[in-house]
Each structure stands twice: as C-alpha cells, then as structure tokens.
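Structure file upload-v7.pdb with PDB, C-alpha atoms:
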MODEL        1
ATOM      1  CA  MET A   1      41.147 -17.747 -19.479  1.00  0.00           C
ATOM      2  CA  LEU A   2      39.549 -14.639 -21.050  1.00  0.00           C
ATOM      3  CA  ILE A   3      36.633 -16.693 -22.365  1.00  0.00           C
ATOM      4  CA  VAL A   4      35.963 -18.136 -18.911  1.00  0.00           C
ATOM      5  CA  LEU A   5      36.177 -14.652 -17.392  1.00  0.00           C
ATOM      6  CA  ALA A   6      33.763 -13.250 -20.006  1.00  0.00           C
ATOM      7  CA  ILE A   7      31.272 -16.044 -19.315  1.00  0.00           C
ATOM      8  CA  MET A   8      31.527 -15.386 -15.563  1.00  0.00           C
ATOM      9  CA  VAL A   9      30.876 -11.651 -16.061  1.00  0.00           C
ATOM     10  CA  ILE A  10      27.817 -12.356 -18.216  1.00  0.00           C
ATOM     11  CA  LEU A  11      26.432 -14.845 -15.679  1.00  0.00           C
ATOM     12  CA  CYS A  12      27.025 -12.508 -12.734  1.00  0.00           C
ATOM     13  CA  SER A  13      25.429  -9.528 -14.469  1.00  0.00           C
ATOM     14  CA  SER A  14      22.343 -11.529 -15.463  1.00  0.00           C
ATOM     15  CA  ILE A  15      21.975 -12.883 -11.931  1.00  0.00           C
ATOM     16  CA  PHE A  16      22.256  -9.359 -10.522  1.00  0.00           C
ATOM     17  CA  TYR A  17      19.663  -8.034 -12.983  1.00  0.00           C
ATOM     18  CA  PHE A  18      17.086 -10.720 -12.198  1.00  0.00           C
ATOM     19  CA  SER A  19      17.659 -10.652  -8.447  1.00  0.00           C
ATOM     20  CA  ASN A  20      17.336  -6.839  -8.386  1.00  0.00           C
ATOM     21  CA  SER A  21      13.963  -6.941 -10.174  1.00  0.00           C
ATOM     22  CA  LYS A  22      12.809  -9.701  -7.811  1.00  0.00           C
ATOM     23  CA  LEU A  23      13.903  -7.608  -4.820  1.00  0.00           C
ATOM     24  CA  ASN A  24      11.927  -4.620  -6.134  1.00  0.00           C
ATOM     25  CA  ARG A  25       8.795  -6.758  -6.484  1.00  0.00           C
ATOM     26  CA  LEU A  26       9.236  -8.158  -2.975  1.00  0.00           C
ATOM     27  CA  THR A  27       9.599  -4.601  -1.606  1.00  0.00           C
ATOM     28  CA  VAL A  28       6.324  -3.609  -3.246  1.00  0.00           C
ATOM     29  CA  LEU A  29       4.464  -6.699  -2.062  1.00  0.00           C
ATOM     30  CA  LYS A  30       5.773  -6.296   1.506  1.00  0.00           C
ATOM     31  CA  THR A  31       4.697  -2.643   1.555  1.00  0.00           C
ATOM     32  CA  MET A  32       1.279  -3.534   0.147  1.00  0.00           C
ATOM     33  CA  ASP A  33       0.843  -6.112   2.925  1.00  0.00           C
ATOM     34  CA  GLU A  34       1.868  -3.550   5.566  1.00  0.00           C
ATOM     35  CA  VAL A  35      -0.607  -0.990   4.205  1.00  0.00           C
ATOM     36  CA  GLU A  36      -3.341  -3.619   4.112  1.00  0.00           C
ATOM     37  CA  LEU A  37      -2.640  -4.469   7.768  1.00  0.00           C
ATOM     38  CA  LEU A  38      -2.700  -0.774   8.650  1.00  0.00           C
ATOM     39  CA  ILE A  39      -6.072  -0.362   6.936  1.00  0.00           C
ATOM     40  CA  ARG A  40      -7.494  -3.448   8.654  1.00  0.00           C
ATOM     41  CA  MET A  41      -6.214  -2.124  11.997  1.00  0.00           C
ATOM     42  CA  ALA A  42      -8.073   1.139  11.305  1.00  0.00           C
ATOM     43  CA  GLN A  43     -11.220  -0.829  10.507  1.00  0.00           C
ATOM     44  CA  MET A  44     -10.964  -2.844  13.733  1.00  0.00           C
ATOM     45  CA  THR A  45     -10.298   0.312  15.770  1.00  0.00           C
ATOM     46  CA  ALA A  46     -13.468   1.893  14.333  1.00  0.00           C
ATOM     47  CA  ILE A  47     -15.495  -1.159  15.371  1.00  0.00           C
ATOM     48  CA  GLU A  48     -13.943  -1.619  18.819  1.00  0.00           C
ATOM     49  CA  GLU A  49     -13.997   2.034  19.867  1.00  0.00           C
ATOM     50  CA  GLN A  50     -17.223   2.937  18.033  1.00  0.00           C
ATOM     51  CA  LYS A  51     -15.514   5.987  16.491  1.00  0.00           C
ATOM     52  CA  ALA A  52     -15.174   6.835  12.821  1.00  0.00           C
ATOM     53  CA  ILE A  53     -11.623   6.500  11.494  1.00  0.00           C
ATOM     54  CA  VAL A  54     -10.065   8.078   8.392  1.00  0.00           C
ATOM     55  CA  MET A  55      -6.915   7.329   6.465  1.00  0.00           C
ATOM     56  CA  ASP A  56      -5.397  10.341   4.733  1.00  0.00           C
ATOM     57  CA  VAL A  57      -2.628  10.188   2.134  1.00  0.00           C
ATOM     58  CA  TYR A  58      -0.097  13.041   2.115  1.00  0.00           C
ATOM     59  CA  ASP A  59       2.123  13.685  -0.930  1.00  0.00           C
ATOM     60  CA  ASN A  60       1.265  10.146  -2.138  1.00  0.00           C
ATOM     61  CA  THR A  61       4.022   8.829   0.141  1.00  0.00           C
ATOM     62  CA  LYS A  62       2.735   9.112   3.728  1.00  0.00           C
ATOM     63  CA  LEU A  63      -0.345   7.433   5.213  1.00  0.00           C
ATOM     64  CA  VAL A  64      -1.939   8.796   8.376  1.00  0.00           C
ATOM     65  CA  ILE A  65      -4.680   6.972  10.308  1.00  0.00           C
ATOM     66  CA  ARG A  66      -6.629   9.238  12.658  1.00  0.00           C
ATOM     67  CA  TYR A  67      -9.986   9.644  14.349  1.00  0.00           C
ATOM     68  CA  TYR A  68     -12.564  11.457  12.195  1.00  0.00           C
ATOM     69  CA  VAL A  69     -13.585  13.705  15.081  1.00  0.00           C
ATOM     70  CA  GLY A  70     -10.559  15.380  16.613  1.00  0.00           C
ATOM     71  CA  ALA A  71      -7.013  15.378  15.388  1.00  0.00           C
ATOM     72  CA  GLU A  72      -5.617  12.438  17.359  1.00  0.00           C
ATOM     73  CA  VAL A  73      -3.339  10.376  15.126  1.00  0.00           C
ATOM     74  CA  ILE A  74      -3.495   6.601  15.630  1.00  0.00           C
ATOM     75  CA  ASP A  75      -0.687   5.518  13.300  1.00  0.00           C
ATOM     76  CA  THR A  76       1.442   6.724  10.383  1.00  0.00           C
ATOM     77  CA  MET A  77       3.441   4.998   7.677  1.00  0.00           C
ATOM     78  CA  GLN A  78       6.060   6.373   5.303  1.00  0.00           C
ATOM     79  CA  LEU A  79       6.352   4.450   2.031  1.00  0.00           C
ATOM     80  CA  PRO A  80       9.775   3.364   0.743  1.00  0.00           C
ATOM     81  CA  GLU A  81      11.583   5.804  -1.506  1.00  0.00           C
ATOM     82  CA  GLY A  82      10.397   5.645  -5.091  1.00  0.00           C
ATOM     83  CA  MET A  83       6.956   4.280  -4.165  1.00  0.00           C
ATOM     84  CA  GLU A  84       3.709   6.231  -4.420  1.00  0.00           C
ATOM     85  CA  PHE A  85       0.208   5.435  -3.178  1.00  0.00           C
ATOM     86  CA  HIS A  86      -2.872   6.802  -4.951  1.00  0.00           C
ATOM     87  CA  VAL A  87      -6.474   6.572  -3.751  1.00  0.00           C
ATOM     88  CA  SER A  88      -9.163   7.040  -6.396  1.00  0.00           C
ATOM     89  CA  THR A  89     -12.442   7.598  -4.572  1.00  0.00           C
ATOM     90  CA  PRO A  90     -15.120  10.299  -4.659  1.00  0.00           C
ATOM     91  CA  ASN A  91     -13.855  11.292  -1.214  1.00  0.00           C
ATOM     92  CA  PRO A  92     -10.027  11.426  -1.343  1.00  0.00           C
ATOM     93  CA  ARG A  93      -9.593   9.385   1.847  1.00  0.00           C
ATOM     94  CA  LEU A  94     -10.655   6.081   3.287  1.00  0.00           C
ATOM     95  CA  HIS A  95     -13.366   6.635   5.889  1.00  0.00           C
ATOM     96  CA  PHE A  96     -14.450   3.758   8.149  1.00  0.00           C
ATOM     97  CA  ARG A  97     -17.806   4.119   9.875  1.00  0.00           C
ATOM     98  CA  VAL A  98     -18.341   2.867  13.436  1.00  0.00           C
ATOM     99  CA  ASN A  99     -19.585  -0.504  12.118  1.00  0.00           C
ATOM    100  CA  GLY A 100     -16.363  -0.971  10.120  1.00  0.00           C
ATOM    101  CA  ASN A 101     -17.917  -0.353   6.713  1.00  0.00           C
ATOM    102  CA  LEU A 102     -16.182   1.910   4.258  1.00  0.00           C
ATOM    103  CA  GLN A 103     -17.879   5.164   3.393  1.00  0.00           C
ATOM    104  CA  SER A 104     -15.672   5.429   0.307  1.00  0.00           C
ATOM    105  CA  PHE A 105     -15.478   3.161  -2.701  1.00  0.00           C
ATOM    106  CA  GLY A 106     -13.094   3.001  -5.594  1.00  0.00           C
ATOM    107  CA  SER A 107      -9.524   1.843  -5.910  1.00  0.00           C
ATOM    108  CA  MET A 108      -6.068   2.174  -4.423  1.00  0.00           C
ATOM    109  CA  ALA A 109      -2.898   1.761  -6.419  1.00  0.00           C
ATOM    110  CA  PHE A 110       0.795   1.537  -5.621  1.00  0.00           C
ATOM    111  CA  TYR A 111       3.297   2.805  -8.168  1.00  0.00           C
ATOM    112  CA  TYR A 112       6.904   1.697  -8.003  1.00  0.00           C
ATOM    113  CA  GLU A 113       9.377   2.191 -10.834  1.00  0.00           C
ATOM    114  CA  GLU A 114       6.603   2.857 -13.364  1.00  0.00           C
ATOM    115  CA  GLU A 115       4.722  -0.352 -12.490  1.00  0.00           C
ATOM    116  CA  MET A 116       1.272  -0.305 -10.941  1.00  0.00           C
ATOM    117  CA  TYR A 117      -0.010  -2.664  -8.249  1.00  0.00           C
ATOM    118  CA  GLY A 118      -3.637  -2.182  -7.219  1.00  0.00           C
ATOM    119  CA  TYR A 119      -6.519  -2.915  -4.855  1.00  0.00           C
ATOM    120  CA  LYS A 120     -10.245  -2.562  -5.253  1.00  0.00           C
ATOM    121  CA  ILE A 121     -12.494  -1.308  -2.465  1.00  0.00           C
ATOM    122  CA  ASN A 122     -16.013  -2.749  -2.274  1.00  0.00           C
ATOM    123  CA  ILE A 123     -18.521  -0.290  -0.842  1.00  0.00           C
ATOM    124  CA  GLY A 124     -20.466  -1.234   2.267  1.00  0.00           C
ATOM    125  CA  LYS A 125     -18.613  -4.463   2.984  1.00  0.00           C
ATOM    126  CA  GLY A 126     -15.343  -3.119   4.307  1.00  0.00           C
ATOM    127  CA  ARG A 127     -13.390  -5.484   2.092  1.00  0.00           C
ATOM    128  CA  LEU A 128     -10.158  -4.970   0.240  1.00  0.00           C
ATOM    129  CA  THR A 129      -9.388  -7.235  -2.679  1.00  0.00           C
ATOM    130  CA  ARG A 130      -5.990  -7.234  -4.333  1.00  0.00           C
ATOM    131  CA  ASP A 131      -5.570  -7.098  -8.104  1.00  0.00           C
ATOM    132  CA  ASP A 132      -2.565  -9.298  -8.835  1.00  0.00           C
TER     133      ASP A 132
ENDMDL
END

Translate the structure described by the file into structure tokens.
Amino acid sequence: MLIVLAIMVILCSSIFYFSNSKLNRLTVLKTMDEVELLIRMAQMTAIEEQKAIVMDVYDNTKLVIRYYVGAEVIDTMQLPEGMEFHVSTPNPRLHFRVNGNLQSFGSMAFYYEEEMYGYKINIGKGRLTRDD
C-alpha cells in the first residue's frame, strides 16, 4: 500500500510541475498576443484617424496607447504579475506615423520568470515579427 501511495505522489507531483510550466508559457503567449493586438489597433487608429499614435511603457509593466499630440489616452494594458515588457529602440516608445509606419525600430521583449520572449520591429513597414 505504501509503495502504491509513493508512486501516486511522484506521479501527481510530476504532473503538477509540468502543467504549471505549461500554464506559465500559455500566460506569456496569451499576453504577447494581446499586446500585439493592442499595437496593431494603435497602427490602424493612426491610419484611420490620420493622427500619430504612441505607445509608452511605464515601469515595464503598463502599456499606454495615446495620441502623439494631446494627452488623450486610447487604451491601456496592465501586464500580469511577474511579467515585464522592455522596448529597445533609439526612441523609448513605439511611434506610429499617420500612414501606419513605425518611426521607431529595434526590438521588444517580454520577461517572465527569467525567460525572455521577443519581437523584432522592422522600420518603415509597420510590421512586427515574433521570435519564437
């Protein structure tokens, strides 16, 4: 009976360990998809309204999409606890021109539990490509 119980404990703990790491990865990928949609929404807003749009990152955990001229906020997003978002560009924000092209170039990275998940930003094309 003790041997069966020991085997059950080992199986349950290994299942918990692997499912927890899978859940963490799914959280990161879901958040990355939400941020990508938020950025694409900002790009479309810049094109449709013919106004420059910027995305600022506050404390590496909060994203704010707003009009470049004026302080009107379009949308905000708070990242899940334990996740950070870093933008590495010459200008520390994403800036969409009125034609939807990015003024910035460089990379964006998500950090979650000491793992990095990244994007690349291609200048002038307004494209985001994911590094998986």

Original post:
Can you tell me how far atom CA of A:Leu94 sits from atom CA of A:Met55, in Å to one decimal?
Top reply: 5.1 Å

**OP:** Choose the residue, out of A:Ala109, A:Val9, A:Met1, A:Val35, that has the smallest atom-to-atom separation from A:Gln78; count only C-alpha atoms.
**Re:**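 Ranking A:Ala109, A:Val9, A:Met1, A:Val35 by distance to A:Gln78, first place goes to A:Val35.
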
**OP:** Name the residues within 10 Å of (10.4, 7.1, -3.0), counting all atoms listed in the file in the file's coordinates, and put them as a list in words.
**Re:**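 Within the cut-off we find Asn60, Thr61, Gln78, Leu79, Pro80, Glu81, Gly82, Met83, Glu84, Tyr111, Tyr112 and Glu113 of chain A.
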
Residue selection dump (C-alpha atoms) as a PDB file, in the coordinates of the input:
ATOM      1  CA  ASN A  60       1.265  10.146  -2.138  1.00  0.00           C
ATOM      2  CA  THR A  61       4.022   8.829   0.141  1.00  0.00           C
ATOM      3  CA  GLN A  78       6.060   6.373   5.303  1.00  0.00           C
ATOM      4  CA  LEU A  79       6.352   4.450   2.031  1.00  0.00           C
ATOM      5  CA  PRO A  80       9.775   3.364   0.743  1.00  0.00           C
ATOM      6  CA  GLU A  81      11.583   5.804  -1.506  1.00  0.00           C
ATOM      7  CA  GLY A  82      10.397   5.645  -5.091  1.00  0.00           C
ATOM      8  CA  MET A  83       6.956   4.280  -4.165  1.00  0.00           C
ATOM      9  CA  GLU A  84       3.709   6.231  -4.420  1.00  0.00           C
ATOM     10  CA  TYR A 111       3.297   2.805  -8.168  1.00  0.00           C
ATOM     11  CA  TYR A 112       6.904   1.697  -8.003  1.00  0.00           C
ATOM     12  CA  GLU A 113       9.377   2.191 -10.834  1.00  0.00           C
TER      13      GLU A 113
END

Subject >> Separation of atom CA of A:Phe96 from atom CA of A:Ile74, in Å and rounded to one decimal >> reply: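 Between atom CA of A:Phe96 and atom CA of A:Ile74 the gap is 13.6 Å.
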
**OP:** Report the distance between atom CA of A:Leu38 and atom CA of A:Ile65 in Å, rounded to one decimal place.
**Re:** 8.2 Å

**OP:** List the residues matched by the PyMOL selection byres ((chain A and resi 89) around 6) in the displayed structure as number ranges by chain, ordered by chain and then by residue number.
**Re:** A: 88, 90-92, 105-106

Taking every listed atom of stretch 71-88 of chain A and adding 5 Å to each side, what centre and edge lengths in Å (one decimal) does the axis-aligned box have, as JSON?
{"center_x": 1.2, "center_y": 9.4, "center_z": 5.5, "size_x": 30.7, "size_y": 22.0, "size_z": 33.8}

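With distances taken over all atoms listed in the file, A:Ile39 is the one residue among A:Met108, A:Met44, A:Ile15, A:Ile39 lying closest to A:Thr76.
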
**OP:** Find the residue from A:Phe85, A:Met77, A:Leu11, A:Leu37 that sits nearest to A:Met116; use all atoms listed in the file when measuring.
**Re:**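 Residue with the minimum atom-to-atom distance to A:Met116: A:Phe85.
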
Would you fill out stretch 101-119 of chain A with N, CA and C atoms and return it as a PDB file, in the coordinates of the input?
ATOM      1  N   ASN A 101     -17.710  -0.474   8.152  1.00  0.00           N
ATOM      2  CA  ASN A 101     -17.917  -0.353   6.713  1.00  0.00           C
ATOM      3  C   ASN A 101     -17.219   0.884   6.163  1.00  0.00           C
ATOM      4  N   LEU A 102     -16.815   0.777   4.921  1.00  0.00           N
ATOM      5  CA  LEU A 102     -16.182   1.910   4.258  1.00  0.00           C
ATOM      6  C   LEU A 102     -17.235   2.874   3.752  1.00  0.00           C
ATOM      7  N   GLN A 103     -17.008   4.155   3.967  1.00  0.00           N
ATOM      8  CA  GLN A 103     -17.879   5.164   3.393  1.00  0.00           C
ATOM      9  C   GLN A 103     -17.470   5.399   1.947  1.00  0.00           C
ATOM     10  N   SER A 104     -16.201   5.200   1.643  1.00  0.00           N
ATOM     11  CA  SER A 104     -15.672   5.429   0.307  1.00  0.00           C
ATOM     12  C   SER A 104     -15.748   4.147  -0.521  1.00  0.00           C
ATOM     13  N   PHE A 105     -15.636   4.306  -1.816  1.00  0.00           N
ATOM     14  CA  PHE A 105     -15.478   3.161  -2.701  1.00  0.00           C
ATOM     15  C   PHE A 105     -14.588   3.601  -3.846  1.00  0.00           C
ATOM     16  N   GLY A 106     -13.980   2.660  -4.492  1.00  0.00           N
ATOM     17  CA  GLY A 106     -13.094   3.001  -5.594  1.00  0.00           C
ATOM     18  C   GLY A 106     -11.900   2.087  -5.628  1.00  0.00           C
ATOM     19  N   SER A 107     -10.714   2.679  -5.800  1.00  0.00           N
ATOM     20  CA  SER A 107      -9.524   1.843  -5.910  1.00  0.00           C
ATOM     21  C   SER A 107      -8.327   2.516  -5.275  1.00  0.00           C
ATOM     22  N   MET A 108      -7.349   1.703  -4.935  1.00  0.00           N
ATOM     23  CA  MET A 108      -6.068   2.174  -4.423  1.00  0.00           C
ATOM     24  C   MET A 108      -5.001   1.553  -5.299  1.00  0.00           C
ATOM     25  N   ALA A 109      -3.968   2.304  -5.586  1.00  0.00           N
ATOM     26  CA  ALA A 109      -2.898   1.761  -6.419  1.00  0.00           C
ATOM     27  C   ALA A 109      -1.545   2.179  -5.873  1.00  0.00           C
ATOM     28  N   PHE A 110      -0.601   1.269  -5.961  1.00  0.00           N
ATOM     29  CA  PHE A 110       0.795   1.537  -5.621  1.00  0.00           C
ATOM     30  C   PHE A 110       1.577   1.646  -6.920  1.00  0.00           C
ATOM     31  N   TYR A 111       2.409   2.655  -7.014  1.00  0.00           N
ATOM     32  CA  TYR A 111       3.297   2.805  -8.168  1.00  0.00           C
ATOM     33  C   TYR A 111       4.730   2.707  -7.686  1.00  0.00           C
ATOM     34  N   TYR A 112       5.490   1.849  -8.341  1.00  0.00           N
ATOM     35  CA  TYR A 112       6.904   1.697  -8.003  1.00  0.00           C
ATOM     36  C   TYR A 112       7.660   1.408  -9.289  1.00  0.00           C
ATOM     37  N   GLU A 113       8.575   2.303  -9.620  1.00  0.00           N
ATOM     38  CA  GLU A 113       9.377   2.191 -10.834  1.00  0.00           C
ATOM     39  C   GLU A 113       8.505   1.955 -12.053  1.00  0.00           C
ATOM     40  N   GLU A 114       7.499   2.817 -12.214  1.00  0.00           N
ATOM     41  CA  GLU A 114       6.603   2.857 -13.364  1.00  0.00           C
ATOM     42  C   GLU A 114       5.734   1.607 -13.514  1.00  0.00           C
ATOM     43  N   GLU A 115       5.634   0.779 -12.487  1.00  0.00           N
ATOM     44  CA  GLU A 115       4.722  -0.352 -12.490  1.00  0.00           C
ATOM     45  C   GLU A 115       3.615  -0.081 -11.494  1.00  0.00           C
ATOM     46  N   MET A 116       2.402  -0.539 -11.822  1.00  0.00           N
ATOM     47  CA  MET A 116       1.272  -0.305 -10.941  1.00  0.00           C
ATOM     48  C   MET A 116       0.828  -1.613 -10.298  1.00  0.00           C
ATOM     49  N   TYR A 117       0.538  -1.544  -9.012  1.00  0.00           N
ATOM     50  CA  TYR A 117      -0.010  -2.664  -8.249  1.00  0.00           C
ATOM     51  C   TYR A 117      -1.258  -2.133  -7.572  1.00  0.00           C
ATOM     52  N   GLY A 118      -2.420  -2.800  -7.693  1.00  0.00           N
ATOM     53  CA  GLY A 118      -3.637  -2.182  -7.219  1.00  0.00           C
ATOM     54  C   GLY A 118      -4.493  -3.010  -6.287  1.00  0.00           C
ATOM     55  N   TYR A 119      -5.468  -2.339  -5.697  1.00  0.00           N
ATOM     56  CA  TYR A 119      -6.519  -2.915  -4.855  1.00  0.00           C
ATOM     57  C   TYR A 119      -7.851  -2.383  -5.364  1.00  0.00           C
TER      58      TYR A 119
END
